[in-house]
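J.: Quick one, input-v7.cif (mmCIF, C-alpha atoms):
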```cif
data_work
#
loop_
_atom_site.label_atom_id
_atom_site.label_comp_id
_atom_site.auth_asym_id
_atom_site.auth_seq_id
_atom_site.Cartn_x
_atom_site.Cartn_y
_atom_site.Cartn_z
CA MET M 94 136.23 -161.33 -75.38
CA THR M 95 135.69 -158.87 -78.25
CA VAL M 96 134.11 -155.53 -77.46
CA ASP M 97 131.86 -154.11 -80.17
CA THR M 98 132.95 -150.49 -80.68
CA ALA M 99 130.74 -149.84 -83.71
CA PRO M 100 128.53 -146.75 -83.33
CA PRO M 101 124.84 -147.42 -82.65
CA GLN M 102 122.44 -147.53 -85.58
CA TRP M 103 120.66 -144.36 -84.48
CA LEU M 104 123.94 -142.43 -84.65
CA THR M 105 124.61 -143.59 -88.20
CA ALA M 106 121.05 -142.64 -89.21
CA LEU M 107 121.54 -139.23 -87.61
CA GLU M 108 124.83 -138.66 -89.47
CA LEU M 109 123.26 -139.66 -92.80
CA THR M 110 120.36 -137.28 -92.17
CA LEU M 111 122.68 -134.44 -91.20
CA LEU M 112 124.76 -135.00 -94.33
CA GLY M 113 121.64 -134.83 -96.50
CA ALA M 114 120.60 -131.66 -94.65
CA ILE M 115 124.03 -130.06 -95.18
CA TRP M 116 124.15 -130.84 -98.89
CA GLY M 117 120.54 -129.73 -99.27
CA GLY M 118 121.55 -126.50 -97.55
CA SER M 119 124.13 -125.80 -100.25
CA PHE M 120 121.33 -124.77 -102.61
CA LEU M 121 119.98 -122.37 -99.99
CA PHE M 122 123.42 -120.81 -99.51
CA MET M 123 123.89 -120.47 -103.27
CA ARG M 124 120.48 -118.84 -103.56
CA VAL M 125 121.46 -116.26 -100.93
CA ALA M 126 125.03 -115.58 -102.09
CA ALA M 127 124.89 -115.91 -105.90
CA PRO M 128 123.00 -112.66 -106.65
CA SER M 129 125.67 -110.63 -104.80
CA PHE M 130 128.79 -112.53 -105.85
CA GLY M 131 127.83 -113.80 -109.28
CA ALA M 132 128.30 -117.44 -110.20
CA LEU M 133 132.05 -117.46 -110.97
CA ALA M 134 133.23 -115.49 -107.94
CA LEU M 135 131.01 -117.49 -105.59
CA VAL M 136 132.22 -120.82 -106.91
CA GLU M 137 135.86 -119.74 -106.58
CA VAL M 138 135.29 -118.85 -102.92
CA ARG M 139 133.50 -122.15 -102.39
CA ILE M 140 136.19 -124.29 -103.99
CA VAL M 141 139.12 -122.49 -102.33
CA LEU M 142 137.56 -122.89 -98.87
CA GLY M 143 136.64 -126.52 -99.54
CA ALA M 144 140.15 -127.27 -100.79
CA LEU M 145 141.68 -125.71 -97.66
CA VAL M 146 139.61 -127.99 -95.43
CA LEU M 147 140.63 -131.10 -97.40
CA LEU M 148 144.25 -130.13 -98.07
CA PRO M 149 145.69 -132.07 -95.09
CA PHE M 150 144.35 -135.32 -96.61
CA LEU M 151 146.11 -134.52 -99.90
CA TRP M 152 149.33 -133.63 -98.12
CA ARG M 153 149.44 -136.96 -96.29
CA ALA M 154 148.99 -138.87 -99.56
CA ARG M 155 151.09 -136.53 -101.76
CA ALA M 156 153.61 -139.24 -102.68
CA ARG M 157 150.87 -141.09 -104.60
CA PHE M 158 150.06 -138.13 -106.86
CA GLY M 159 152.66 -138.37 -109.58
CA VAL M 160 152.95 -135.84 -112.40
CA GLU M 161 151.26 -138.26 -114.83
CA ARG M 162 148.01 -138.14 -112.84
CA TRP M 163 147.39 -134.41 -112.92
CA GLY M 164 146.02 -134.28 -116.47
CA ARG M 165 143.20 -136.64 -115.56
CA LEU M 166 142.74 -134.93 -112.22
CA ALA M 167 142.28 -131.62 -114.04
CA LEU M 168 139.58 -133.08 -116.31
CA ILE M 169 137.75 -134.57 -113.34
CA ALA M 170 138.13 -131.25 -111.51
CA ALA M 171 136.35 -129.46 -114.35
CA LEU M 172 133.55 -132.03 -114.45
CA ASN M 173 133.17 -132.58 -110.70
CA SER M 174 133.58 -129.04 -109.40
CA ALA M 175 134.32 -126.12 -111.71
CA ILE M 176 131.56 -126.60 -114.30
CA PRO M 177 128.70 -128.08 -112.21
CA PHE M 178 129.21 -125.69 -109.27
CA THR M 179 129.10 -122.76 -111.69
CA LEU M 180 125.97 -124.05 -113.41
CA PHE M 181 124.18 -124.56 -110.10
CA ALA M 182 125.23 -121.11 -108.87
CA TRP M 183 124.04 -119.56 -112.15
CA GLY M 184 120.71 -121.32 -111.74
CA ALA M 185 120.46 -120.16 -108.12
CA GLU M 186 120.45 -116.56 -109.35
CA ARG M 187 117.33 -117.27 -111.40
CA ALA M 188 115.17 -119.87 -109.64
CA PRO M 189 114.21 -121.12 -106.16
CA ALA M 190 116.71 -123.26 -104.26
CA GLY M 191 114.53 -126.35 -104.65
CA VAL M 192 114.92 -126.35 -108.44
CA GLY M 193 118.67 -126.94 -108.28
CA ALA M 194 118.31 -129.47 -105.47
CA ILE M 195 115.79 -131.51 -107.46
CA ALA M 196 117.87 -131.35 -110.66
CA ASN M 197 120.92 -132.47 -108.67
CA SER M 198 119.20 -135.84 -108.07
CA LEU M 199 119.70 -136.65 -111.75
CA ALA M 200 123.40 -137.29 -111.14
CA ALA M 201 122.74 -140.93 -110.21
CA LEU M 202 120.76 -141.51 -113.43
CA TRP M 203 123.36 -139.79 -115.59
CA THR M 204 126.06 -141.95 -113.98
CA VAL M 205 124.28 -145.13 -115.11
CA LEU M 206 123.66 -143.77 -118.61
CA VAL M 207 127.26 -142.63 -119.06
CA ALA M 208 128.52 -146.02 -117.85
CA PHE M 209 126.34 -147.67 -120.51
CA VAL M 210 127.48 -145.36 -123.33
CA LEU M 211 131.21 -145.22 -122.51
CA TYR M 212 131.84 -148.55 -120.81
CA ARG M 213 128.98 -150.72 -122.10
CA GLU M 214 127.69 -151.52 -118.62
CA ARG M 215 124.35 -153.29 -118.86
CA ILE M 216 121.04 -151.58 -118.04
CA GLY M 217 118.09 -153.90 -117.31
CA TRP M 218 114.59 -153.05 -118.51
CA LEU M 219 113.32 -152.07 -115.05
CA ARG M 220 116.29 -149.84 -114.45
CA GLY M 221 115.87 -148.31 -117.88
CA LEU M 222 112.19 -147.63 -117.16
CA ALA M 223 113.08 -146.03 -113.83
CA MET M 224 115.63 -143.81 -115.55
CA GLY M 225 113.06 -142.79 -118.15
CA ILE M 226 110.62 -141.79 -115.39
CA GLY M 227 113.37 -139.76 -113.74
CA PHE M 228 114.10 -137.85 -116.93
CA VAL M 229 110.37 -137.21 -117.41
CA GLY M 230 110.59 -135.48 -114.04
CA VAL M 231 113.08 -133.01 -115.55
CA VAL M 232 110.60 -132.16 -118.30
CA VAL M 233 107.93 -131.58 -115.65
CA LEU M 234 110.32 -129.38 -113.68
CA MET M 235 111.19 -127.33 -116.77
CA SER M 236 107.52 -126.71 -117.47
CA ASP M 237 106.93 -125.16 -114.04
CA ARG M 238 106.42 -121.44 -113.57
CA THR M 239 106.90 -120.61 -109.90
CA ARG M 240 105.13 -117.36 -109.06
CA GLY M 241 105.19 -116.50 -112.76
CA ALA M 242 108.94 -117.07 -113.14
CA ASP M 243 110.20 -119.44 -115.83
CA VAL M 244 112.54 -121.89 -114.09
CA ALA M 245 113.40 -123.82 -117.27
CA PRO M 246 116.89 -122.24 -117.71
CA ALA M 247 117.83 -123.12 -114.13
CA ALA M 248 116.44 -126.65 -114.54
CA VAL M 249 118.46 -127.14 -117.74
CA ALA M 250 121.58 -125.81 -116.00
CA GLY M 251 121.00 -128.24 -113.12
CA ALA M 252 120.49 -131.15 -115.51
CA LEU M 253 123.76 -130.32 -117.32
CA ALA M 254 125.56 -129.99 -113.99
CA SER M 255 124.29 -133.43 -113.02
CA LEU M 256 125.53 -134.79 -116.36
CA CYS M 257 128.98 -133.48 -115.42
CA TYR M 258 128.72 -135.39 -112.14
CA GLY M 259 127.75 -138.53 -114.08
CA LEU M 260 130.84 -138.20 -116.27
CA SER M 261 133.18 -137.44 -113.38
CA SER M 262 131.85 -140.37 -111.32
CA ASN M 263 132.68 -142.80 -114.11
CA PHE M 264 136.09 -141.30 -114.83
CA THR M 265 136.94 -141.29 -111.13
CA ARG M 266 135.95 -144.94 -110.77
CA HIS M 267 138.11 -145.99 -113.73
CA TRP M 268 141.07 -143.65 -113.32
CA LEU M 269 141.48 -142.89 -109.61
CA ALA M 270 140.27 -146.03 -107.83
CA ASP M 271 143.71 -146.65 -106.32
CA LEU M 272 143.92 -143.24 -104.62
CA PRO M 273 142.58 -142.27 -101.18
CA PRO M 274 139.15 -140.79 -102.00
CA VAL M 275 139.33 -137.68 -99.82
CA ALA M 276 142.83 -136.89 -101.06
CA ALA M 277 141.64 -137.28 -104.66
CA VAL M 278 138.75 -134.88 -104.00
CA ALA M 279 141.20 -132.39 -102.48
CA ALA M 280 143.42 -132.64 -105.57
CA THR M 281 140.51 -131.99 -107.92
CA MET M 282 139.39 -129.05 -105.76
CA LEU M 283 142.87 -127.58 -106.00
CA CYS M 284 142.85 -127.96 -109.79
CA ALA M 285 139.38 -126.42 -110.05
CA ALA M 286 140.40 -123.43 -107.93
CA LEU M 287 143.35 -122.75 -110.26
CA MET M 288 141.14 -123.15 -113.35
CA LEU M 289 138.52 -120.68 -112.18
CA ALA M 290 140.86 -118.12 -110.62
CA PRO M 291 141.29 -115.93 -113.77
CA LEU M 292 137.54 -115.96 -114.50
CA ALA M 293 136.66 -115.24 -110.88
CA TRP M 294 139.13 -112.34 -110.87
CA THR M 295 137.61 -110.73 -113.97
CA HIS M 296 134.05 -111.30 -112.70
CA TRP M 297 134.60 -110.26 -109.09
CA PRO M 298 131.65 -108.11 -107.91
CA ALA M 299 132.20 -104.35 -108.05
CA ALA M 300 130.25 -103.82 -104.83
CA VAL M 301 131.27 -105.57 -101.63
CA PRO M 302 128.81 -108.45 -101.04
CA PRO M 303 126.70 -108.03 -97.88
CA ARG M 304 127.34 -109.96 -94.70
CA ALA M 305 124.61 -112.55 -95.39
CA ALA M 306 126.17 -113.34 -98.79
CA TRP M 307 129.64 -113.75 -97.25
CA LEU M 308 128.36 -115.98 -94.45
CA SER M 309 126.51 -118.11 -97.02
CA ALA M 310 129.61 -118.36 -99.21
CA ILE M 311 131.75 -119.41 -96.25
CA ALA M 312 129.19 -122.01 -95.16
CA LEU M 313 129.00 -123.26 -98.73
CA GLY M 314 132.76 -123.77 -98.93
CA VAL M 315 133.66 -124.92 -95.43
CA LEU M 316 130.56 -126.86 -94.37
CA CYS M 317 128.84 -128.01 -97.57
CA THR M 318 132.02 -128.79 -99.49
CA GLY M 319 135.02 -129.44 -97.25
CA VAL M 320 133.44 -130.85 -94.10
CA ALA M 321 130.65 -132.67 -95.95
CA TYR M 322 133.07 -134.54 -98.22
CA ALA M 323 135.22 -135.56 -95.24
CA VAL M 324 132.15 -136.84 -93.34
CA PHE M 325 130.83 -138.63 -96.42
CA PHE M 326 134.02 -140.61 -97.02
CA ARG M 327 134.31 -141.34 -93.30
CA LEU M 328 130.83 -142.87 -93.50
CA ILE M 329 131.83 -144.88 -96.56
CA ALA M 330 134.77 -146.33 -94.66
CA ARG M 331 132.54 -147.24 -91.72
CA ILE M 332 129.28 -148.46 -93.29
CA GLY M 333 130.15 -148.94 -96.97
CA PRO M 334 129.26 -146.93 -100.09
CA THR M 335 125.80 -148.46 -100.55
CA ARG M 336 124.46 -147.19 -97.22
CA ALA M 337 126.46 -143.96 -97.28
CA THR M 338 124.96 -142.86 -100.61
CA THR M 339 121.44 -143.05 -99.17
CA SER M 340 122.18 -139.59 -97.74
CA THR M 341 121.92 -138.20 -101.28
CA TYR M 342 118.24 -139.20 -101.40
CA LEU M 343 117.60 -136.56 -98.76
CA VAL M 344 119.29 -133.70 -100.63
CA PRO M 345 116.28 -132.63 -102.77
CA LEU M 346 113.96 -132.93 -99.78
CA PHE M 347 116.13 -130.67 -97.63
CA GLY M 348 116.88 -128.36 -100.56
CA VAL M 349 113.17 -127.67 -101.00
CA LEU M 350 112.57 -127.54 -97.23
CA TRP M 351 115.33 -124.99 -96.50
CA GLY M 352 114.19 -122.78 -99.37
CA TRP M 353 110.66 -122.86 -98.03
CA LEU M 354 111.50 -122.32 -94.34
CA VAL M 355 114.26 -119.71 -94.73
CA LEU M 356 113.37 -117.86 -97.93
CA GLY M 357 109.65 -118.49 -98.14
CA GLU M 358 110.03 -120.28 -101.49
CA ARG M 359 106.99 -122.48 -101.23
CA PRO M 360 107.26 -125.40 -103.67
CA SER M 361 104.65 -125.66 -106.41
CA MET M 362 102.77 -128.86 -107.14
CA LEU M 363 104.78 -129.34 -110.33
CA MET M 364 108.04 -129.05 -108.38
CA LEU M 365 106.85 -131.69 -105.93
CA LEU M 366 105.70 -133.94 -108.78
CA ALA M 367 109.02 -133.52 -110.60
CA GLY M 368 110.95 -134.25 -107.42
CA GLY M 369 108.88 -137.39 -106.80
CA LEU M 370 109.44 -138.67 -110.34
CA ILE M 371 113.18 -138.02 -110.29
CA LEU M 372 113.76 -139.34 -106.78
CA GLY M 373 111.60 -142.41 -107.42
CA GLY M 374 113.52 -143.14 -110.60
CA VAL M 375 116.83 -142.78 -108.76
CA ILE M 376 115.81 -145.09 -105.90
CA VAL M 377 114.51 -147.86 -108.19
CA SER M 378 117.54 -147.52 -110.49
CA GLN M 379 119.96 -147.74 -107.57
CA ARG M 380 118.24 -150.80 -106.10
CA GLU M 381 118.25 -152.61 -109.43
CA GLY M 382 121.90 -151.73 -109.91
CA ARG M 383 122.82 -153.21 -106.54
CA ARG M 384 121.00 -156.44 -107.34
CA ALA M 385 122.88 -156.69 -110.62
CA GLU M 386 126.20 -156.12 -108.85
CA VAL M 387 125.94 -159.37 -106.87
CA PRO M 388 126.57 -161.79 -109.77
CA SER M 389 128.99 -159.39 -111.41
CA ARG M 390 131.08 -159.23 -108.25
CA ALA M 391 131.25 -163.04 -108.15
CA ALA M 392 132.36 -163.09 -111.78
CA THR M 393 134.94 -160.40 -111.06
CA SER M 394 136.35 -162.43 -108.18
CA GLU M 395 136.73 -165.47 -110.40
CA THR M 396 138.44 -163.42 -113.08
CA HIS M 397 140.91 -161.96 -110.62
CA LEU M 398 141.66 -165.39 -109.23
CA GLY M 399 142.43 -166.42 -112.77
CA GLY M 400 145.06 -163.72 -113.10
CA GLU M 401 143.16 -161.01 -115.02
CA THR M 402 144.14 -157.40 -114.23
#
```
Can you present the structure in this file as C-alpha cells?
T.:
Amino acid sequence: MTVDTAPPQWLTALELTLLGAIWGGSFLFMRVAAPSFGALALVEVRIVLGALVLLPFLWRARARFGVERWGRLALIAALNSAIPFTLFAWGAERAPAGVGAIANSLAALWTVLVAFVLYRERIGWLRGLAMGIGFVGVVVLMSDRTRGADVAPAAVAGALASLCYGLSSNFTRHWLADLPPVAAVAATMLCAALMLAPLAWTHWPAAVPPRAAWLSAIALGVLCTGVAYAVFFRLIARIGPTRATTSTYLVPLFGVLWGWLVLGERPSMLMLLAGGLILGGVIVSQREGRRAEVPSRAATSETHLGGET
C-alpha cells in the first residue's frame, strides 16, 4: 500500500500566498531603506546577504560550475540582480512602494517579447493583445501623480528593470538549463556582489543608516532574496513551475498593500487601473503561452526521439 505524503492543497496555497507577500514586501523594505543607504549600497547589502543564504547550494554543486560558465553567469548576474535591483531601489527613493511592485509585473511580458525577438518564439494574436494591454498599463502608471509627485521616473526605472528580468530569464533558460536552479541563482548573486562592490564602496552613506533602514536591508537580503528564492525553487520541485509562478501574480497586490498599511501610501485610482491592466495582461499572456506549450512539447518529444539535440 502506498502512502500519499504530498502536502495538502491548503498548505501549498498558503506557501504560494506567503511567497507573494514576501516578494511584495521587498518593495516596502526598499522604500524604507533606500533613502538612507542610497540605491547602490542597499543593493550590495541585499545581494551579499542573499548570496550567503544560498551559498550552501552552490557549494554542493560546485563541480558543475566550470570556468567556461562564469562569463555567461556574470552577464546573467548583471541582468538578473545588479542592474534591476539598483533600478528598483533608485525608484523606491522617489515613488511609493506600489509603483515598483506594479512595474515588476511587466517581467513576464518582457520575457515573451524577448523570446520572440531573440529566439523567434511565436506569439499568438490573443497573447499579443494581452501584452499590448499590459504595456498600456505602464503608460497609465507613468501618467500618475501621487499626492502631486511625478512617479514617471520610478515607473520607467521599474519597466527597464523588468526588461532586464525578461532578458535574464531567456538567457538562463538557454544557457543554464542543465544546472541546479538554486545553485545557479547563488552563482549569479556572487557575481553581482563582486560587480557592485566598488560602486557600493564609493557610494556608501556618510551617515550611519538608522535602525529601521538596517532592519529593512537585512530583511530584503535574507528573507526577500535568499529565503524566498530557496522556497520558490522548492515549490517548483514539488508542484511544477506553472503553479509555482502563480505566486508572482500576488506581488503587485502585496506591494501596494504593504505600502498602504505600513507607510500610509494609499494607492491612487490610476495606480489601481495600471496594476489591473498589467496584471490582466500578464495572466492572459501566461495562460495562452501554456496552451501553446502543449503541442510544442509533443513536437519536442518527437524530435528528441529522432535524435535531435
J.: Determine, counting only C-alpha atoms, which protein, DNA and RNA residues have an atom within 12 Å of an atom of Gly193 (chain M); residues of the same chain fewer than 6 positions away are not included. Present the result as number ranges by chain.
T.: M: 116-124, 177-187, 199-200, 231, 234-235, 244-255, 344-349, 352, 364, 367-368
J.: Please, what distance in Å, to one decimal, runs between CA of Leu256 (chain M) and CA of Thr110 (chain M)?
T.: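 So the two atoms, CA of Leu256 (chain M) and CA of Thr110 (chain M), lie 24.9 Å apart.
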J.: Using the chain letters and residue numbers of this document, give as a list in words the residues selected by the PyMOL selection byres ((chain M and resi 142-151) around 6).
T.: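 Here the PyMOL selection byres ((chain M and resi 142-151) around 6) matches Arg139, Ile140, Val141, Trp152, Arg153, Ala154, Arg155, Ala276, Ala279, Met282, Leu283, Gly314, Val315, Thr318 and Gly319 of chain M.
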J.: Can I get the selected residues back with C-alpha atoms, as a short mmCIF file (atom, residue, chain, number, x, y, z; two decimals), in the coordinates of the input?
T.:
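What landed in selection09.cif:
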```cif
data_model
loop_
_atom_site.label_atom_id
_atom_site.label_comp_id
_atom_site.auth_asym_id
_atom_site.auth_seq_id
_atom_site.Cartn_x
_atom_site.Cartn_y
_atom_site.Cartn_z
CA ARG M 139 133.50 -122.15 -102.39
CA ILE M 140 136.19 -124.29 -103.99
CA VAL M 141 139.12 -122.49 -102.33
CA TRP M 152 149.33 -133.63 -98.12
CA ARG M 153 149.44 -136.96 -96.29
CA ALA M 154 148.99 -138.87 -99.56
CA ARG M 155 151.09 -136.53 -101.76
CA ALA M 276 142.83 -136.89 -101.06
CA ALA M 279 141.20 -132.39 -102.48
CA MET M 282 139.39 -129.05 -105.76
CA LEU M 283 142.87 -127.58 -106.00
CA GLY M 314 132.76 -123.77 -98.93
CA VAL M 315 133.66 -124.92 -95.43
CA THR M 318 132.02 -128.79 -99.49
CA GLY M 319 135.02 -129.44 -97.25
#
```
J.: Exactly which residues make up the result of the PyMOL selection byres ((chain M and resi 158-166) around 9) on this file, given as a PyMOL selection string?
T.: chain M and resi 151+154-157+167-171+264-265+268-269+272+277+280-281+284
J.: Which of these, M:Ala175, M:Leu328, M:Ile311, M:Leu366, has the shortest distance to Val232 (chain M) once you count all atoms listed in the file?
T.: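 Of all the options, M:Leu366 lies closest to Val232 (chain M).
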J.: Expressed in Å to a single decimal, how great is the separation between CA of Trp103 (chain M) and CA of Ala312 (chain M)?
T.: 26.2 Å
J.: Could you spell out the hits of the PyMOL selection byres ((chain M and resi 336) around 12) on the shown file, as a tab-separated table (two decimals) with C-alpha atoms, keeping the file's coordinate frame?
T.:
```tsv
chain	number	residue	atom	x	y	z
M	102	GLN	CA	122.44	-147.53	-85.58
M	105	THR	CA	124.61	-143.59	-88.20
M	106	ALA	CA	121.05	-142.64	-89.21
M	108	GLU	CA	124.83	-138.66	-89.47
M	109	LEU	CA	123.26	-139.66	-92.80
M	110	THR	CA	120.36	-137.28	-92.17
M	325	PHE	CA	130.83	-138.63	-96.42
M	326	PHE	CA	134.02	-140.61	-97.02
M	328	LEU	CA	130.83	-142.87	-93.50
M	329	ILE	CA	131.83	-144.88	-96.56
M	330	ALA	CA	134.77	-146.33	-94.66
M	331	ARG	CA	132.54	-147.24	-91.72
M	332	ILE	CA	129.28	-148.46	-93.29
M	333	GLY	CA	130.15	-148.94	-96.97
M	334	PRO	CA	129.26	-146.93	-100.09
M	335	THR	CA	125.80	-148.46	-100.55
M	337	ALA	CA	126.46	-143.96	-97.28
M	338	THR	CA	124.96	-142.86	-100.61
M	339	THR	CA	121.44	-143.05	-99.17
M	340	SER	CA	122.18	-139.59	-97.74
M	341	THR	CA	121.92	-138.20	-101.28
M	342	TYR	CA	118.24	-139.20	-101.40
M	379	GLN	CA	119.96	-147.74	-107.57
M	380	ARG	CA	118.24	-150.80	-106.10
M	383	ARG	CA	122.82	-153.21	-106.54
```
J.: Interatomic distance between CA of Ala190 (chain M) and CA of Ile115 (chain M)?
T.: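 Between CA of Ala190 (chain M) and CA of Ile115 (chain M) the gap works out to 13.5 Å.
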J.: Could you check the closest approach to Pro128 (chain M) for each of M:Val210, M:Leu343, M:Val301, M:Leu354 and tell me which residue wins, using only C-alpha atoms?
T.: M:Val301
J.: Here is a test: counting only C-alpha atoms, which residue of M:Ile376, M:Tyr212, M:Leu202, M:Leu363 is nearest to Ser236 (chain M)?
T.: M:Leu363
J.: Which is closer to Leu365 (chain M) than all the others in M:Gly230, M:Pro100, M:Gly225, M:Gly217, using all atoms listed in the file?
T.: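 When distances to Leu365 (chain M) are compared using all atoms listed in the file, the smallest one comes from M:Gly230.
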